[in-house]
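To keep things clear, I will list the structure first and then write my remarks on it.
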Amino acid sequence: MSRCIAVAYSGGRDSTALLHAAARQAQALNQEQGAGLEVVALHVHHGLSPNADDWLDHCLAQCAAWAEGGLPLRFRATRLTGAPSPAQSVEAWAREQRYAALSTMAHEVGATLLLLAHHRRDQAETLLLQALRGAGVAGLAGMPAQQWREDDLCWARPWLDQPREAVQAYVQQHALSHIEDDSNRDTRFARNRLRLDVWPGLLQAFPQAEASLAQAATWAQHAAALQDEVAQEDLDALADGLPGLCLPALFKLSELRARNALRAWLAAQTGQVAPASLLLRLAHELVGCQPATWSCAGGLLRRYRGRLTWQPSASRIVSESLGSVELDLSQPGIYPLADWAGAWQVEPSLSAGVSQEALRALVMRSRSGGEQFQCARNSCLRSLKKAYQEAAVPAWQRKGPLLFAGDELVYAPGLGLDARWLAKPGETALSLTWKPDSMLVS
């Protein structure tokens, strides 16, 4: 059974050298150890250059020739569609789309390792560009040598410590043909301006610039890792079992530690690095007491009664007029309901939960008014509206369907289980939670 290694292959000098070297190494390991390795070249057709079709033909022909020569190699390509938004640069759009396409193709061929041909000069350029943009430590850290991303794919740059001249020497030694991207001479792009207009003079004045800047990126990586470690310790100390981030506790930290913890919390919530401009704004505005909202990463940050929460924007609005639905939720699992844009999550419970038998015949419907809710076993029935007010549940956490057994309320979003339905000692208990689509883990 073969094991697959993917290589990002544009047909340029660097990726051609890396693909050839990876295929030769795989061939040697297969012959010596029976490793069963296969290398797959992944090519992304951006459609931005009139020469893109010719580049695709070149890459296909080169891989076919190498495969005929005995290298364990095959070729796969995809064409991008769409175009940058008015507010997005061509560079940023192409990079974002290319990485998404590479991830998709790597999964399709069964690879868990994707090799990229960045070398030491690329790392030095990245640090300079980030510094000129006013980036923080994470930006100055440049590109990691290897990184497991959320797509369960290891993105690796095996030549990140190698000078550009070493790659060029490999190309010459093996007489490798490669394409020259005409856009590399276009100084409208920031990296090209740096390479063509700045880098020659920088090397003349400071011959060690490439190695020194790449080393500085390594130190920045260490600093970024330390920042993350401190932030995690602070967030663990701030955790109190309630949703969101406790702002009074956050503000007891020093200003820099509070900002660092907030940065890490936002990244964990949104899956994105928060812009420095947003962090600076929040540092000044979060100290207030009144309810407030901020746009963030395609969702909303909300301050309410001293807590900060983030909620992604709803992918669609659920009609309040949806009819009732009969359900049997007596078995653990996920029960998706597409029309309601969410799912019921049922799990075994070792503490307070609802009895398994009570979940066999339920009715789900929208809130209509007049519902009664009991918050605890020894408390009185309250109107659902009053229960929400007493529990300080904000309006956005009240959205979702109600669950009934007969005429009695069993579950309300934001409050959870009605105490009348808590399992008795000795009964099999299950936990019950309504999860909007935006909160479901795929």
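Identifiers in this document derive from the order of the structure tokens: chains are assigned A, B, ..., residues are numbered from 1 separately in each chain, and ligands are numbered from 1 in order of occurrence.
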List as an NGL selection string the protein and nucleic acid residues near region 193-208 of chain A, meaning an atom at most 12 Å away when only C-alpha atoms are counted, but skip any in the same chain fewer than 3 places from it. :A and (120-122 or 124-130 or 132 or 163 or 183-190 or 211-215)
Could you turn the residues from that selection into a file that holds C-alpha atoms, as a PDB file, in the first residue's frame?
ATOM      1  CA  ARG A 120      15.722  31.194   3.628  1.00  0.00           C
ATOM      2  CA  ARG A 121      15.432  34.212   1.306  1.00  0.00           C
ATOM      3  CA  ASP A 122      11.638  33.856   1.337  1.00  0.00           C
ATOM      4  CA  ALA A 124      13.873  36.987   5.261  1.00  0.00           C
ATOM      5  CA  GLU A 125      11.594  38.769   2.793  1.00  0.00           C
ATOM      6  CA  THR A 126       8.531  37.816   4.802  1.00  0.00           C
ATOM      7  CA  LEU A 127       9.965  39.311   7.985  1.00  0.00           C
ATOM      8  CA  LEU A 128      10.839  42.553   6.193  1.00  0.00           C
ATOM      9  CA  LEU A 129       7.401  42.861   4.626  1.00  0.00           C
ATOM     10  CA  GLN A 130       5.679  42.203   7.934  1.00  0.00           C
ATOM     11  CA  LEU A 132       7.076  47.365   7.054  1.00  0.00           C
ATOM     12  CA  PRO A 163      19.916  29.723   1.032  1.00  0.00           C
ATOM     13  CA  SER A 183       4.266  38.612 -12.900  1.00  0.00           C
ATOM     14  CA  ASN A 184       7.462  38.312 -10.851  1.00  0.00           C
ATOM     15  CA  ARG A 185       8.676  41.480 -12.640  1.00  0.00           C
ATOM     16  CA  ASP A 186       5.540  43.446 -11.783  1.00  0.00           C
ATOM     17  CA  THR A 187       6.491  45.978  -9.096  1.00  0.00           C
ATOM     18  CA  ARG A 188       2.860  46.695  -8.293  1.00  0.00           C
ATOM     19  CA  PHE A 189       3.180  43.732  -5.928  1.00  0.00           C
ATOM     20  CA  ALA A 190       4.925  44.438  -2.624  1.00  0.00           C
ATOM     21  CA  ALA A 211      20.763  34.792   7.255  1.00  0.00           C
ATOM     22  CA  SER A 212      20.364  37.495   9.909  1.00  0.00           C
ATOM     23  CA  LEU A 213      16.755  38.300   9.052  1.00  0.00           C
ATOM     24  CA  ALA A 214      15.812  34.619   8.888  1.00  0.00           C
ATOM     25  CA  GLN A 215      17.390  34.151  12.319  1.00  0.00           C
TER      26      GLN A 215
END
Contacts of His45 (chain A) at 8 Å or less, counting only C-alpha atoms, minus same-chain residues fewer than 6 places along, as a list in words?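 Answer for this query is Ala52, Asp53, Leu56, Ala77, Thr78, Arg79 and Leu80 of chain A.
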Take the residues just selected and output them with N, CA, C and O atoms as a PDB file, in the first residue's frame.
ATOM      1  N   ALA A  52      -1.115  30.934 -18.157  1.00  0.00           N
ATOM      2  CA  ALA A  52      -1.431  29.905 -17.163  1.00  0.00           C
ATOM      3  C   ALA A  52      -1.686  28.541 -17.809  1.00  0.00           C
ATOM      4  O   ALA A  52      -1.302  27.505 -17.259  1.00  0.00           O
ATOM      5  N   ASP A  53      -2.338  28.520 -18.976  1.00  0.00           N
ATOM      6  CA  ASP A  53      -2.593  27.239 -19.647  1.00  0.00           C
ATOM      7  C   ASP A  53      -1.287  26.579 -20.088  1.00  0.00           C
ATOM      8  O   ASP A  53      -1.123  25.353 -19.980  1.00  0.00           O
ATOM      9  N   LEU A  56       0.399  25.037 -17.079  1.00  0.00           N
ATOM     10  CA  LEU A  56      -0.236  23.772 -16.726  1.00  0.00           C
ATOM     11  C   LEU A  56       0.260  22.652 -17.638  1.00  0.00           C
ATOM     12  O   LEU A  56       0.596  21.552 -17.167  1.00  0.00           O
ATOM     13  N   ALA A  77      -4.111  18.687 -10.693  1.00  0.00           N
ATOM     14  CA  ALA A  77      -4.263  20.142 -10.848  1.00  0.00           C
ATOM     15  C   ALA A  77      -5.710  20.544 -10.617  1.00  0.00           C
ATOM     16  O   ALA A  77      -6.633  19.731 -10.742  1.00  0.00           O
ATOM     17  N   THR A  78      -5.888  21.812 -10.280  1.00  0.00           N
ATOM     18  CA  THR A  78      -7.219  22.386 -10.147  1.00  0.00           C
ATOM     19  C   THR A  78      -7.190  23.821 -10.634  1.00  0.00           C
ATOM     20  O   THR A  78      -6.148  24.489 -10.582  1.00  0.00           O
ATOM     21  N   ARG A  79      -8.318  24.292 -11.148  1.00  0.00           N
ATOM     22  CA  ARG A  79      -8.440  25.665 -11.639  1.00  0.00           C
ATOM     23  C   ARG A  79      -9.267  26.487 -10.654  1.00  0.00           C
ATOM     24  O   ARG A  79     -10.342  26.056 -10.226  1.00  0.00           O
ATOM     25  N   LEU A  80      -8.769  27.670 -10.332  1.00  0.00           N
ATOM     26  CA  LEU A  80      -9.507  28.562  -9.449  1.00  0.00           C
ATOM     27  C   LEU A  80     -10.599  29.281 -10.235  1.00  0.00           C
ATOM     28  O   LEU A  80     -10.456  29.556 -11.420  1.00  0.00           O
TER      29      LEU A  80
END
Per residue of region 188-246 of chain A within 10 Å of region 262-271 of chain A, note the shortest atom pair and the distance in Å to one decimal, counting only C-alpha atoms, and order the rows by chain and increasing residue number, as JSON lines.
{"residue": "A:Gln227", "atom": "CA", "partner": "A:Ala264", "partner_atom": "CA", "distance": 8.9}
{"residue": "A:Asp228", "atom": "CA", "partner": "A:Ala264", "partner_atom": "CA", "distance": 6.9}
{"residue": "A:Glu229", "atom": "CA", "partner": "A:Ala264", "partner_atom": "CA", "distance": 9.7}
{"residue": "A:Val230", "atom": "CA", "partner": "A:Ala264", "partner_atom": "CA", "distance": 9.7}
{"residue": "A:Ala231", "atom": "CA", "partner": "A:Ala264", "partner_atom": "CA", "distance": 6.3}
{"residue": "A:Gln232", "atom": "CA", "partner": "A:Ala264", "partner_atom": "CA", "distance": 7.5}
{"residue": "A:Asp234", "atom": "CA", "partner": "A:Leu262", "partner_atom": "CA", "distance": 9.8}
{"residue": "A:Leu235", "atom": "CA", "partner": "A:Trp265", "partner_atom": "CA", "distance": 7.5}
{"residue": "A:Gly244", "atom": "CA", "partner": "A:Trp265", "partner_atom": "CA", "distance": 9.3}
{"residue": "A:Leu245", "atom": "CA", "partner": "A:Trp265", "partner_atom": "CA", "distance": 8.1}
Those residues you just picked out, can you put them in a file as a tab-separated table (two decimals), in the first residue's frame with N, CA and C atoms?
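As a result, again.tsv now contains:
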chain	number	residue	atom	x	y	z
A	227	GLN	N	4.42	34.03	24.29
A	227	GLN	CA	3.19	34.80	24.44
A	227	GLN	C	1.98	33.88	24.57
A	228	ASP	N	1.92	32.88	23.71
A	228	ASP	CA	0.79	31.95	23.73
A	228	ASP	C	0.75	31.16	25.04
A	229	GLU	N	1.93	30.79	25.53
A	229	GLU	CA	1.99	30.03	26.77
A	229	GLU	C	1.49	30.86	27.95
A	230	VAL	N	1.92	32.11	28.03
A	230	VAL	CA	1.47	32.99	29.11
A	230	VAL	C	-0.03	33.25	29.00
A	231	ALA	N	-0.50	33.49	27.76
A	231	ALA	CA	-1.93	33.75	27.56
A	231	ALA	C	-2.77	32.56	28.00
A	232	GLN	N	-2.33	31.34	27.70
A	232	GLN	CA	-3.10	30.17	28.10
A	232	GLN	C	-3.16	30.03	29.62
A	234	ASP	N	-3.02	32.48	31.77
A	234	ASP	CA	-3.93	33.52	32.25
A	234	ASP	C	-5.39	33.16	31.98
A	235	LEU	N	-5.68	32.63	30.79
A	235	LEU	CA	-7.05	32.26	30.47
A	235	LEU	C	-7.54	31.10	31.34
A	244	GLY	N	-18.20	32.86	27.90
A	244	GLY	CA	-17.56	34.14	27.66
A	244	GLY	C	-16.39	34.42	28.58
A	245	LEU	N	-15.89	35.64	28.50
A	245	LEU	CA	-14.71	36.09	29.23
A	245	LEU	C	-15.12	37.10	30.29
Running DSSP on the backbone, which parts of region 31-155 of chain A land in helix (DSSP H, G or I), as a PyMOL selection string? chain A and resi 31-33+52-68+90-108+120-132+137-140
What's the 12 Å shell around region 289-305 of chain A, counting only C-alpha atoms, without same-chain residues fewer than 5 positions away, as a short mmCIF file (atom, residue, chain, number, x, y, z; two decimals) with C-alpha atoms, in the first residue's frame?
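Output contents, as saved in around-v6.cif:
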data_model
loop_
_atom_site.label_atom_id
_atom_site.label_comp_id
_atom_site.auth_asym_id
_atom_site.auth_seq_id
_atom_site.Cartn_x
_atom_site.Cartn_y
_atom_site.Cartn_z
CA PRO A 243 -19.83 31.39 28.91
CA GLY A 244 -17.56 34.14 27.66
CA LEU A 245 -14.71 36.09 29.23
CA CYS A 246 -15.05 37.76 32.63
CA LEU A 247 -13.95 41.34 32.03
CA PRO A 248 -13.42 42.47 35.66
CA LEU A 262 -7.67 38.89 24.97
CA TRP A 265 -9.18 34.32 23.60
CA LEU A 266 -10.36 35.97 20.39
CA ALA A 267 -8.24 33.59 18.30
CA ALA A 268 -9.73 30.59 20.12
CA GLN A 269 -13.27 31.87 19.63
CA THR A 270 -13.05 32.97 16.00
CA GLY A 271 -10.27 30.81 14.55
CA GLN A 272 -8.60 33.98 13.25
CA VAL A 273 -5.89 36.34 14.44
CA ALA A 274 -7.54 39.55 15.58
CA PRO A 275 -6.26 42.71 13.84
CA SER A 277 -6.38 47.79 15.35
CA LEU A 278 -9.27 45.87 16.94
CA LEU A 279 -7.21 44.89 19.99
CA ARG A 281 -9.76 49.67 20.19
CA LEU A 282 -11.02 47.04 22.63
CA TRP A 310 -18.48 36.21 20.53
CA GLN A 311 -21.12 34.78 18.24
CA PRO A 312 -20.70 34.13 14.51
CA SER A 313 -23.22 35.78 12.27
CA ALA A 314 -26.12 33.45 11.53
CA SER A 315 -25.78 31.85 8.12
CA ALA A 391 -30.85 34.74 35.04
CA ALA A 392 -29.50 37.74 33.05
CA VAL A 393 -29.66 35.79 29.79
CA PRO A 394 -29.08 38.25 26.93
CA ALA A 395 -31.53 38.32 24.05
CA TRP A 396 -29.21 36.67 21.53
CA GLN A 397 -28.79 33.60 23.78
CA SER A 438 -22.63 28.06 13.99
#
Given only C-alpha atoms, how would the per-residue table for region 336-368 of chain A near region 399-414 of chain A read, listing every residue at most 12 Å away with its closest atom pair and distance in Å to one decimal, sorted by chain and number, as CSV?
residue,atom,partner,partner_atom,distance
A:Leu337,CA,A:Pro401,CA,10.6
A:Asp339,CA,A:Pro401,CA,11.2
A:Trp340,CA,A:Gly400,CA,7.8
A:Ala341,CA,A:Gly400,CA,9.0
A:Gly342,CA,A:Gly400,CA,8.3
A:Ala343,CA,A:Gly400,CA,10.0
A:Trp344,CA,A:Pro401,CA,10.0
A:Gly353,CA,A:Val410,CA,11.1
A:Val354,CA,A:Val410,CA,8.8
A:Ser355,CA,A:Val410,CA,11.1
A:Glu357,CA,A:Ala405,CA,11.1
A:Ala358,CA,A:Ala405,CA,7.6
A:Leu359,CA,A:Ala405,CA,8.0
A:Arg360,CA,A:Ala405,CA,9.1
A:Ala361,CA,A:Ala405,CA,6.7
A:Leu362,CA,A:Ala405,CA,5.0
A:Val363,CA,A:Phe404,CA,5.1
A:Met364,CA,A:Leu403,CA,4.6
A:Arg365,CA,A:Pro401,CA,5.5
A:Ser366,CA,A:Pro401,CA,5.0
A:Arg367,CA,A:Leu402,CA,6.4
A:Ser368,CA,A:Leu402,CA,9.6
Contacts of His119 (chain A) at 6 Å (only C-alpha atoms; same-chain gap of 4+ positions) as a list of chain:residue names: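 Those residues are A:Trp159, A:Leu160, A:Gln162.
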Those same residues - N, CA, C and O atoms - I'd like them written as an mmCIF file, in the first residue's frame.
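Result went into out-v2.cif, see below:
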data_model
loop_
_atom_site.group_PDB
_atom_site.id
_atom_site.type_symbol
_atom_site.label_atom_id
_atom_site.label_comp_id
_atom_site.auth_asym_id
_atom_site.auth_seq_id
_atom_site.Cartn_x
_atom_site.Cartn_y
_atom_site.Cartn_z
ATOM 1 N N TRP A 159 13.069 23.311 3.218
ATOM 2 C CA TRP A 159 14.222 24.094 2.786
ATOM 3 C C TRP A 159 14.260 25.490 3.401
ATOM 4 O O TRP A 159 14.963 26.362 2.908
ATOM 5 N N LEU A 160 13.545 25.689 4.490
ATOM 6 C CA LEU A 160 13.457 27.030 5.052
ATOM 7 C C LEU A 160 14.798 27.542 5.572
ATOM 8 O O LEU A 160 15.002 28.758 5.668
ATOM 9 N N GLN A 162 17.647 26.734 4.028
ATOM 10 C CA GLN A 162 18.578 26.666 2.909
ATOM 11 C C GLN A 162 18.627 27.999 2.154
ATOM 12 O O GLN A 162 17.595 28.597 1.883
#
Give me the residues near Gly69 (chain A) as a PyMOL selection string, where near means some atom within 12 Å (using only C-alpha atoms) and where sequence neighbours in that chain fewer than 6 positions away do not count. chain A and resi 20+23-24+27+62-63
Output for the residues just chosen: N, CA and C atoms as an mmCIF file, in the first residue's frame:
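Saved result, selection.cif, follows:
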data_model
loop_
_atom_site.group_PDB
_atom_site.id
_atom_site.type_symbol
_atom_site.label_atom_id
_atom_site.label_comp_id
_atom_site.auth_asym_id
_atom_site.auth_seq_id
_atom_site.Cartn_x
_atom_site.Cartn_y
_atom_site.Cartn_z
ATOM 1 N N HIS A 20 11.341 17.499 -7.639
ATOM 2 C CA HIS A 20 12.317 16.548 -8.163
ATOM 3 C C HIS A 20 13.073 15.868 -7.025
ATOM 4 N N ALA A 23 10.759 13.395 -5.133
ATOM 5 C CA ALA A 23 10.500 12.183 -5.909
ATOM 6 C C ALA A 23 11.720 11.272 -5.937
ATOM 7 N N ARG A 24 12.916 11.863 -6.063
ATOM 8 C CA ARG A 24 14.143 11.052 -6.060
ATOM 9 C C ARG A 24 14.352 10.382 -4.706
ATOM 10 N N GLN A 27 11.941 7.535 -4.379
ATOM 11 C CA GLN A 27 12.398 6.413 -5.202
ATOM 12 C C GLN A 27 13.494 5.629 -4.479
ATOM 13 N N GLN A 62 6.178 17.621 -17.685
ATOM 14 C CA GLN A 62 7.381 17.342 -16.907
ATOM 15 C C GLN A 62 7.157 16.192 -15.936
ATOM 16 N N CYS A 63 6.017 16.175 -15.262
ATOM 17 C CA CYS A 63 5.726 15.087 -14.330
ATOM 18 C C CYS A 63 5.581 13.747 -15.074
#
Extract the full set of strand (DSSP E) residues from region 149-296 of chain A according to DSSP on the backbone, and format it as a ChimeraX atom specification. /A:154-156,245-246,292-296
Point-to-point distance in Å for CA of Glu180 (chain A) and CA of Leu113 (chain A):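 Taking CA of Leu113 (chain A) and CA of Glu180 (chain A), their separation equals 26.6 Å.
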So how many Å separate CA of Ala111 (chain A) and CA of Cys4 (chain A), to one decimal? 5.0 Å
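For the atom pair formed by CA of Ser15 (chain A) and CA of Gln221 (chain A), the distance is 24.7 Å, given to one decimal.
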List the neighbours of Phe75 (chain A) out to 10 Å using only C-alpha atoms; skip same-chain residues closer than 2 positions along the sequence, and give me the result as a VMD selection string. chain A and resid 6 to 7 9 39 to 43 59 to 64 67 73 77
